[in-house]
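For reference, the structure is listed below as structure tokens.
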Amino acid sequence: MVCESLVKEGVEVIFGILGGALLPLYDTLPHYPQLRHILVRHEQGAAHAADGYARATGKVGVCLATSGPGASNLVTGIANAHLDSVPIVAITGQVARPFIGKDAFQEIDITGITLPITKHNYLVLEAASLPRTFKEAFYLARTGRPGPVLIDLPRDVQIDQAEFHYPSKLNLPSYKPTLQGHPAQVKKAAKLINESQRPVIIAGRGIIISSAYAELKELVEKAQIPVVTTLLGISCFPESHALSYGMIGMHGMAYANFAVDGADLIIAIGMRFDDRATAKVSAFAPHAQVIHIDIDPAEIGKNVRVDVPIVGDAKDVLQKLNKQVVSARHLDWVRQLDDWRRKHPSLVIRDSQGLLPQYVIRQIYEVTKGEAIIVTGVGQNQMWAAQHYYYDKPNSFISSGGLGTMGFELPAAFGAKIGRPDDTVWCIAGDGGFQMTIQELATVVQEKAAVKIAIMDNGFLGMVRQWQELFYRKRYVATPLSGPDFVKIAEAYGLPGLMVKRKEEVVPAIQKAMAEPGPFLVDFKIEPEENVYPMVPPGAALSEVIEEPKQEAKKAKVAADSAKLPVSNI
Amino acid sequence: MIKHTLVALVEDKPGVLNEMASLFRRRGFNIESIAVGHSEVPHLSRMTIVVNGANTVVEQVRKQLDKLIDVVKVSDITGDDIVSRELALIKVKTTPTSRSEIIEMVDIFRANIVDVGADSVTIEVTGDEDKVNSLLSLLRGFGIREITRTGSIAMTRGGVAPPSTEKKSPKTKER
């Protein structure tokens with residue numbers, strides 16, 4: 001019944017680990033060759049792989065874990081998907097019904113545990129309700145604001161027989177996501193846009209989820225509105241576009257942050273004003289009125305005061321909005337932004353004999369010609385990957401934004417590669433986070449998934465070390481980190497690897513990785529105490545951005561250098 | 001911080017109360033009272049929740065409650081023209097001399113005596129929270145053994161339209 005339901009939902013891949021409470025279900029799997037089961041090495045890996053798969057394909061990712069520790073190991077991955085609105089269905093085994101609530105072997109109250117981190121969850125108590133439960137779960141996961149749904153399956157429910165009847169209709173009277181933007185609100189928003197002198201669009205992951213790329217571009221070009229993105233909004237709008245000003249936030253581009261600070265109108269689309277994006281909320285966009293377009297009414301007014309809220313799907317709202325927005329130029333404003341970009345280039349890599357991570361990322365961009373899907377860990381590696389790779393290809397940046405889960409990178413990159421086998425997938429890792437889910441190298445090798453791995457290896461928990469350096473007087477408590485020899489580890493798992501210590505070895509190593517048909521690992525021994533800049537210190541406003549101190553002296557030289565972004569015609 | 005009365009229509013399923021309570025717990029709200037019972041629609045229950053909190057935070061929690069799949073609708077009816085009632089059982093110590101005085105008070109409050117013991121009486125009182133509190137404060141002098149209160153249940157007055165956001169006349173008190 002479970003497998004039949006999965007087939008009905010068009011599931012192709014399941015990431016999981018079996019166990020006692022799932023034996024009946026796994027026993028039926030061989031009858032369904034259309035369901036590809038991938039055995040991971042830790043359940044957290046299953047959840048992240050389903051997450052990476054879902055983000056890369058737009059389909060619902062499925063992961064499977066047994067009762068007790070199997071289920072609880074999924075928790076981080078489920079929370080990660082919850083915070084980043086990723087559609088996954090997690091299926092867990094549960095002890096047989098007569099044992100529930102009796103602290104039976106490998107029993108855990110997983111529906112209770114995941115209550116606050118799932119969009120919805122189910123404990124199925126009779127086999128007859130399985131089809132309806134699966135239908136609802138997949139529907140809830142992918143519609144409205146997507147999110148994780150968990151289904152807990154007692155062992156004996158998996159064995160029970162019932163007639164399989166997959167419902168064609170759903171009965172969810174209380175679940176009606178608002179997709180259509182309210183016309184009156186759209187009209188108000190259009191009026192504000194048409195009157196604005198200094199508008200800025202802040203685009204988030206909602207654009208990617210709703211595939212509103214073309215609609216966003218139309219709005220931008222019609223009214224000539226500069227675009228900045230959130231971290232998860234990266235790759236929703238081509239970064240080489242003349243009106244793209246990169247990412248905002250704590251490690252956003254200085255000029256992007258200045259743009260938000262100086263704007264008279266913020267048009268926020270499919271983003272939720274996360275604190276890492278807004279910095280000090282009370283000083284966020286002080287001169288601006290705010291239009292907030294989001295599918296989730298609970299996000300409206302949560303962090304930032306909103307003048308015109310529009311609840312709806314980004315694609316629908318933008319289509320309506322584009323009809324009412326008049327063509328405009330905003331020449332002075334765009335000139336001002338370009339001026340900021342010239343004076344505060346943010347992305348210039350200084351000359352250094354050492355191996356700079358920014359340089360490594362830039363070379364990955366050059367070698368892959370910007371065509372790769374980049375999946376990152378969390379911390380410095382994530383910020384460098386967000387900053388120094390230019391994302392023109394839609395949905396080509398996958399990262400753990402809300403939860404900030406170190407260890408996301410490898411299993412998520414694996415999931416992305418399984419979902420999009422024809423694309424090049426680069427996993428950008430830190431040496432800290434990589435060791436948190438390193439066991440998935442075995443999965444990568446077993447499934448022959450050609451994931452290319454670049455470790456930004458600085459021997460530190462780098463982002464925390466950076467904070468210790470800047471805000472805790474350089475007391476490096478518990479951040480120095482001795483790692484293994486990653487190349488030997490790779491070899492032991494059965495994939496080739498290279499260690500890179502010098503600048504001139506970077507490009508050949510990336511080329512070698514690309515030439516390899518299967519997975520490949522490159523351990524980049526980067527400058528150990530390199531920091532991520534620009535940076536807005538915690539508690540400061542977006543406008544109070546610190547630029548790279550080492551860079552200050554060279555500003556004059558740098559200004560000349562600043563035509564680094566390829567600018568396309570508009 | 002003001003007292004908010006939320007009314008929710010929810011699916012009559014296991015776990016719903018837990019889900020809702022969990023959202024208040026996350027913000028560190030103490031739920032003053034919560035009362036649940038069947039509604040006019042089969043399989044749907046109506047809940048009345050009373051919490052103390054800042055307007056913006058309660059509104060945020062209300063939206064998050066509304067998002068729960070098993071929650072059909074949540075309204076904050078604070079400040080609306082509402083009828084609210086609470087039932088309390090109060091066991092009061094009695095002496096031969098105090099008993100008649102207590103009975104008199106019970107009559108004034110249109111409450112009932114539902115049980116009489118050798119040295120105590122149990123009083124049943126229905127009314128809005130203020131009325132119950134007033135009676136309680138008067139009875140306190142006699143010595144209270146035990147109190148059980150249901151918490152408020154509430155609905156808006158008049159037609160069935162959803163409660164407006166506008167402030168109407170202050171809530172009517174009845175004695």
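Going through the structure tokens in order, the chains are called A, B, and so on, while each chain numbers its residues from 1 and the ligands are numbered from 1 in the order shown.
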* Asked: Do you know which residues are at most 8 Å from A:Ile295 counting only C-alpha atoms, after dropping those on the same chain fewer than 3 positions away, and could you put them as JSON, numbers by chain?
  -> {"A": [144, 145, 177, 178, 179, 270, 311, 312, 313, 314]}
Which of chain B fall in helix (DSSP H, G or I), as a short mmCIF file (atom, residue, chain, number, x, y, z; two decimals) with N, CA and C atoms, in the first residue's frame:
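The file below, result-v2.cif, is the result:
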data_model
loop_
_atom_site.label_atom_id
_atom_site.label_comp_id
_atom_site.auth_asym_id
_atom_site.auth_seq_id
_atom_site.Cartn_x
_atom_site.Cartn_y
_atom_site.Cartn_z
N VAL B 16 -4.34 17.84 18.05
CA VAL B 16 -4.59 19.23 17.66
C VAL B 16 -4.31 20.17 18.83
N LEU B 17 -4.81 19.77 20.01
CA LEU B 17 -4.60 20.61 21.19
C LEU B 17 -3.11 20.78 21.46
N ASN B 18 -2.37 19.69 21.30
CA ASN B 18 -0.92 19.70 21.49
C ASN B 18 -0.25 20.68 20.53
N GLU B 19 -0.66 20.59 19.26
CA GLU B 19 -0.07 21.48 18.25
C GLU B 19 -0.29 22.94 18.60
N MET B 20 -1.51 23.23 19.04
CA MET B 20 -1.85 24.62 19.33
C MET B 20 -1.13 25.11 20.59
N ALA B 21 -1.19 24.28 21.61
CA ALA B 21 -0.54 24.66 22.87
C ALA B 21 0.95 24.88 22.65
N SER B 22 1.51 24.07 21.73
CA SER B 22 2.94 24.13 21.46
C SER B 22 3.37 25.50 20.92
N LEU B 23 2.50 26.11 20.12
CA LEU B 23 2.85 27.42 19.57
C LEU B 23 2.90 28.49 20.65
N PHE B 24 2.04 28.36 21.67
CA PHE B 24 2.08 29.31 22.78
C PHE B 24 3.31 29.05 23.65
N ARG B 25 3.58 27.77 23.87
CA ARG B 25 4.74 27.39 24.68
C ARG B 25 6.02 27.96 24.09
N ARG B 26 6.12 27.89 22.75
CA ARG B 26 7.33 28.36 22.08
C ARG B 26 7.63 29.82 22.40
N ASN B 55 -0.05 42.74 21.74
CA ASN B 55 -0.90 42.59 20.55
C ASN B 55 -0.19 41.97 19.36
N THR B 56 1.01 42.48 19.08
CA THR B 56 1.70 42.01 17.87
C THR B 56 2.08 40.55 17.99
N VAL B 57 2.50 40.16 19.19
CA VAL B 57 2.93 38.77 19.36
C VAL B 57 1.73 37.83 19.30
N VAL B 58 0.62 38.24 19.93
CA VAL B 58 -0.57 37.40 19.89
C VAL B 58 -1.07 37.28 18.44
N GLU B 59 -1.00 38.37 17.70
CA GLU B 59 -1.43 38.33 16.30
C GLU B 59 -0.55 37.37 15.49
N GLN B 60 0.74 37.39 15.78
CA GLN B 60 1.67 36.48 15.11
C GLN B 60 1.33 35.02 15.44
N VAL B 61 1.08 34.76 16.72
CA VAL B 61 0.71 33.40 17.11
C VAL B 61 -0.62 33.01 16.46
N ARG B 62 -1.56 33.96 16.40
CA ARG B 62 -2.84 33.66 15.78
C ARG B 62 -2.66 33.22 14.32
N LYS B 63 -1.80 33.95 13.61
CA LYS B 63 -1.55 33.58 12.20
C LYS B 63 -0.91 32.20 12.11
N GLN B 64 0.01 31.94 13.04
CA GLN B 64 0.67 30.63 13.01
C GLN B 64 -0.30 29.51 13.36
N LEU B 65 -1.24 29.79 14.27
CA LEU B 65 -2.28 28.80 14.59
C LEU B 65 -3.12 28.55 13.35
N ASP B 66 -3.46 29.61 12.66
CA ASP B 66 -4.29 29.51 11.47
C ASP B 66 -3.63 28.65 10.40
N LYS B 67 -2.31 28.61 10.42
CA LYS B 67 -1.55 27.83 9.43
C LYS B 67 -1.63 26.33 9.67
N SER B 98 -22.43 31.03 59.54
CA SER B 98 -22.09 31.62 58.24
C SER B 98 -22.94 31.09 57.10
N ARG B 99 -23.54 29.92 57.30
CA ARG B 99 -24.23 29.26 56.19
C ARG B 99 -25.30 30.14 55.54
N SER B 100 -26.11 30.77 56.36
CA SER B 100 -27.20 31.55 55.77
C SER B 100 -26.66 32.75 55.01
N GLU B 101 -25.60 33.33 55.53
CA GLU B 101 -24.98 34.47 54.84
C GLU B 101 -24.47 34.05 53.46
N ILE B 102 -23.87 32.86 53.43
CA ILE B 102 -23.34 32.35 52.16
C ILE B 102 -24.50 32.11 51.18
N ILE B 103 -25.56 31.52 51.68
CA ILE B 103 -26.71 31.23 50.81
C ILE B 103 -27.28 32.53 50.22
N GLU B 104 -27.31 33.54 51.03
CA GLU B 104 -27.79 34.84 50.57
C GLU B 104 -26.94 35.37 49.41
N MET B 105 -25.64 35.25 49.60
CA MET B 105 -24.71 35.71 48.56
C MET B 105 -24.89 34.92 47.27
N VAL B 106 -25.06 33.63 47.44
CA VAL B 106 -25.27 32.75 46.29
C VAL B 106 -26.52 33.19 45.51
N ASP B 107 -27.55 33.57 46.25
CA ASP B 107 -28.77 34.02 45.59
C ASP B 107 -28.54 35.30 44.80
N ILE B 108 -27.83 36.24 45.42
CA ILE B 108 -27.58 37.51 44.74
C ILE B 108 -26.84 37.29 43.42
N GLU B 129 -15.88 36.19 33.59
CA GLU B 129 -14.78 36.01 34.53
C GLU B 129 -14.88 36.96 35.73
N ASP B 130 -15.29 38.21 35.45
CA ASP B 130 -15.38 39.21 36.52
C ASP B 130 -16.39 38.81 37.58
N LYS B 131 -17.50 38.26 37.10
CA LYS B 131 -18.55 37.86 38.04
C LYS B 131 -18.03 36.74 38.95
N VAL B 132 -17.40 35.77 38.34
CA VAL B 132 -16.87 34.65 39.13
C VAL B 132 -15.84 35.16 40.13
N ASN B 133 -14.98 36.08 39.66
CA ASN B 133 -13.97 36.64 40.56
C ASN B 133 -14.60 37.41 41.72
N SER B 134 -15.67 38.15 41.41
CA SER B 134 -16.32 38.93 42.47
C SER B 134 -16.87 38.01 43.55
N LEU B 135 -17.56 36.97 43.12
CA LEU B 135 -18.13 36.05 44.09
C LEU B 135 -17.01 35.41 44.92
N LEU B 136 -15.96 35.04 44.21
CA LEU B 136 -14.83 34.39 44.90
C LEU B 136 -14.26 35.30 45.98
N SER B 137 -14.10 36.58 45.64
CA SER B 137 -13.48 37.46 46.62
C SER B 137 -14.38 37.64 47.84
N LEU B 138 -15.69 37.60 47.61
CA LEU B 138 -16.61 37.71 48.74
C LEU B 138 -16.59 36.45 49.61
N LEU B 139 -16.41 35.31 48.95
CA LEU B 139 -16.44 34.05 49.70
C LEU B 139 -15.14 33.78 50.45
N ARG B 140 -14.08 34.45 50.00
CA ARG B 140 -12.76 34.17 50.54
C ARG B 140 -12.73 34.29 52.07
N GLY B 141 -13.49 35.27 52.58
CA GLY B 141 -13.54 35.50 54.02
C GLY B 141 -14.05 34.29 54.81
N PHE B 142 -14.82 33.46 54.18
CA PHE B 142 -15.37 32.30 54.89
C PHE B 142 -14.39 31.12 54.88
#
* Asked: Counting only C-alpha atoms, which of B:Val74, B:Ile147, B:Val50, B:Leu68 gets nearest to chain A?
  -> B:Leu68
* Could you give me, as an MDAnalysis selection string, each residue of stretch 8-197 of chain A that DSSP assigns to strand (DSSP E) when run on this structure's backbone? => chainID A and resid 13:17 36:39 61:65 88:94 120:123 149:154
Can I get the residues of chain A within 7 Å of chain B, each with the closest pair of atoms and their distance in Å to one decimal, using only C-alpha atoms, sorted chain first then ascending number, as a Markdown table?
| residue | atom | partner | partner_atom | distance |
| --- | --- | --- | --- | --- |
| A:Leu115 | CA | B:Glu19 | CA | 6.7 |
| A:His120 | CA | B:Ile69 | CA | 6.6 |
| A:Ser174 | CA | B:Val72 | CA | 4.3 |
| A:Tyr175 | CA | B:Ile69 | CA | 5.8 |
| A:Pro297 | CA | B:Lys63 | CA | 7.0 |
| A:Ala298 | CA | B:Lys63 | CA | 5.0 |
| A:Lys302 | CA | B:Gln60 | CA | 6.7 |
* Atomic distance atom CA of A:Val260 - atom CA of A:Pro534, expressed in Å with one decimal -> 15.4 Å
Can you tell me, as a short mmCIF file (atom, residue, chain, number, x, y, z; two decimals) with N, CA and C atoms, in the first residue's frame, what residues are no more than 10 Å from B:Val121 when counting only C-alpha atoms, ignoring any on the same chain fewer than 3 positions away?
data_model
loop_
_atom_site.label_atom_id
_atom_site.label_comp_id
_atom_site.auth_asym_id
_atom_site.auth_seq_id
_atom_site.Cartn_x
_atom_site.Cartn_y
_atom_site.Cartn_z
N ILE B 90 -17.07 25.99 43.64
CA ILE B 90 -16.32 26.53 44.77
C ILE B 90 -16.78 25.83 46.05
N LYS B 91 -15.85 25.20 46.74
CA LYS B 91 -16.21 24.56 48.01
C LYS B 91 -15.79 25.51 49.14
N VAL B 92 -16.79 25.92 49.95
CA VAL B 92 -16.53 26.92 50.99
C VAL B 92 -16.80 26.31 52.36
N LYS B 93 -15.90 26.65 53.29
CA LYS B 93 -16.11 26.20 54.67
C LYS B 93 -17.37 26.87 55.23
N THR B 94 -18.12 26.14 56.01
CA THR B 94 -19.30 26.76 56.64
C THR B 94 -19.32 26.48 58.14
N ARG B 99 -23.54 29.92 57.30
CA ARG B 99 -24.23 29.26 56.19
C ARG B 99 -25.30 30.14 55.54
N ILE B 102 -23.87 32.86 53.43
CA ILE B 102 -23.34 32.35 52.16
C ILE B 102 -24.50 32.11 51.18
N ILE B 103 -25.56 31.52 51.68
CA ILE B 103 -26.71 31.23 50.81
C ILE B 103 -27.28 32.53 50.22
N ILE B 113 -26.29 26.20 45.00
CA ILE B 113 -25.56 25.29 45.89
C ILE B 113 -25.84 23.88 45.40
N VAL B 114 -24.78 23.17 45.05
CA VAL B 114 -24.97 21.85 44.44
C VAL B 114 -24.62 20.71 45.39
N ASP B 115 -23.98 21.04 46.50
CA ASP B 115 -23.67 19.99 47.47
C ASP B 115 -23.51 20.63 48.85
N VAL B 116 -24.01 19.96 49.86
CA VAL B 116 -23.87 20.47 51.22
C VAL B 116 -23.25 19.39 52.09
N GLY B 117 -22.21 19.76 52.81
CA GLY B 117 -21.59 18.82 53.74
C GLY B 117 -21.76 19.35 55.15
N ALA B 118 -21.19 18.62 56.09
CA ALA B 118 -21.33 19.00 57.48
C ALA B 118 -20.71 20.37 57.74
N GLU B 124 -22.04 26.35 42.67
CA GLU B 124 -21.83 26.38 41.22
C GLU B 124 -22.19 27.78 40.74
N ILE B 144 -11.96 29.17 51.73
CA ILE B 144 -12.25 28.37 50.54
C ILE B 144 -11.45 27.07 50.59
N ARG B 145 -12.12 25.95 50.39
CA ARG B 145 -11.46 24.65 50.42
C ARG B 145 -10.88 24.28 49.05
#
* If we count only C-alpha atoms, what is near stretch 390-392 of chain A at a cut-off of 8 Å, once residues fewer than 2 positions away on the same chain are taken out, given as a PyMOL selection string? -> chain A and resi 234-235+237-240+365+370+387-388+394+396-397
Residues from the last selection, C-alpha atoms, saved as a CSV table (one decimal), in the first residue's frame:
chain,number,residue,atom,x,y,z
A,234,ILE,CA,20.6,33.5,-5.1
A,235,SER,CA,20.1,32.2,-8.7
A,237,PHE,CA,17.8,36.3,-11.1
A,238,PRO,CA,20.8,36.3,-13.3
A,239,GLU,CA,23.7,37.9,-11.4
A,240,SER,CA,25.3,39.2,-14.6
A,365,TYR,CA,33.2,29.4,-11.6
A,370,GLY,CA,28.9,29.1,-14.3
A,387,GLN,CA,29.8,35.7,-3.1
A,388,HIS,CA,32.4,34.6,-5.5
A,394,PRO,CA,18.2,29.5,-12.5
A,396,SER,CA,21.8,26.7,-9.3
A,397,PHE,CA,22.6,27.5,-5.7
* To do: Excluding stretch 478-490 of chain A and residues on its chain fewer than 3 positions from it, collect all residues at most 7 Å away from it, counting only C-alpha atoms, and give them as a ChimeraX atom specification.
  => /A:431,459-461,464-465,493-499,521,523
Would you save the residues from that selection as an mmCIF file, in the first residue's frame, using C-alpha atoms?
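To be explicit, this is the file written out as out-v5.cif:
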data_model
loop_
_atom_site.group_PDB
_atom_site.id
_atom_site.type_symbol
_atom_site.label_atom_id
_atom_site.label_comp_id
_atom_site.auth_asym_id
_atom_site.auth_seq_id
_atom_site.Cartn_x
_atom_site.Cartn_y
_atom_site.Cartn_z
ATOM 1 C CA ASP A 431 36.608 20.993 6.849
ATOM 2 C CA GLY A 459 41.876 23.788 10.108
ATOM 3 C CA PHE A 460 39.296 25.878 11.924
ATOM 4 C CA LEU A 461 35.599 26.080 12.496
ATOM 5 C CA VAL A 464 33.113 30.921 14.557
ATOM 6 C CA ARG A 465 36.840 31.628 14.595
ATOM 7 C CA TYR A 493 36.079 5.265 0.418
ATOM 8 C CA GLY A 494 37.054 4.577 -3.177
ATOM 9 C CA LEU A 495 37.060 7.937 -4.877
ATOM 10 C CA PRO A 496 40.032 9.833 -6.227
ATOM 11 C CA GLY A 497 41.215 13.028 -4.600
ATOM 12 C CA LEU A 498 43.866 15.714 -4.687
ATOM 13 C CA MET A 499 45.356 18.029 -2.126
ATOM 14 C CA LEU A 521 37.473 15.344 -3.985
ATOM 15 C CA ASP A 523 41.194 19.333 -0.431
#
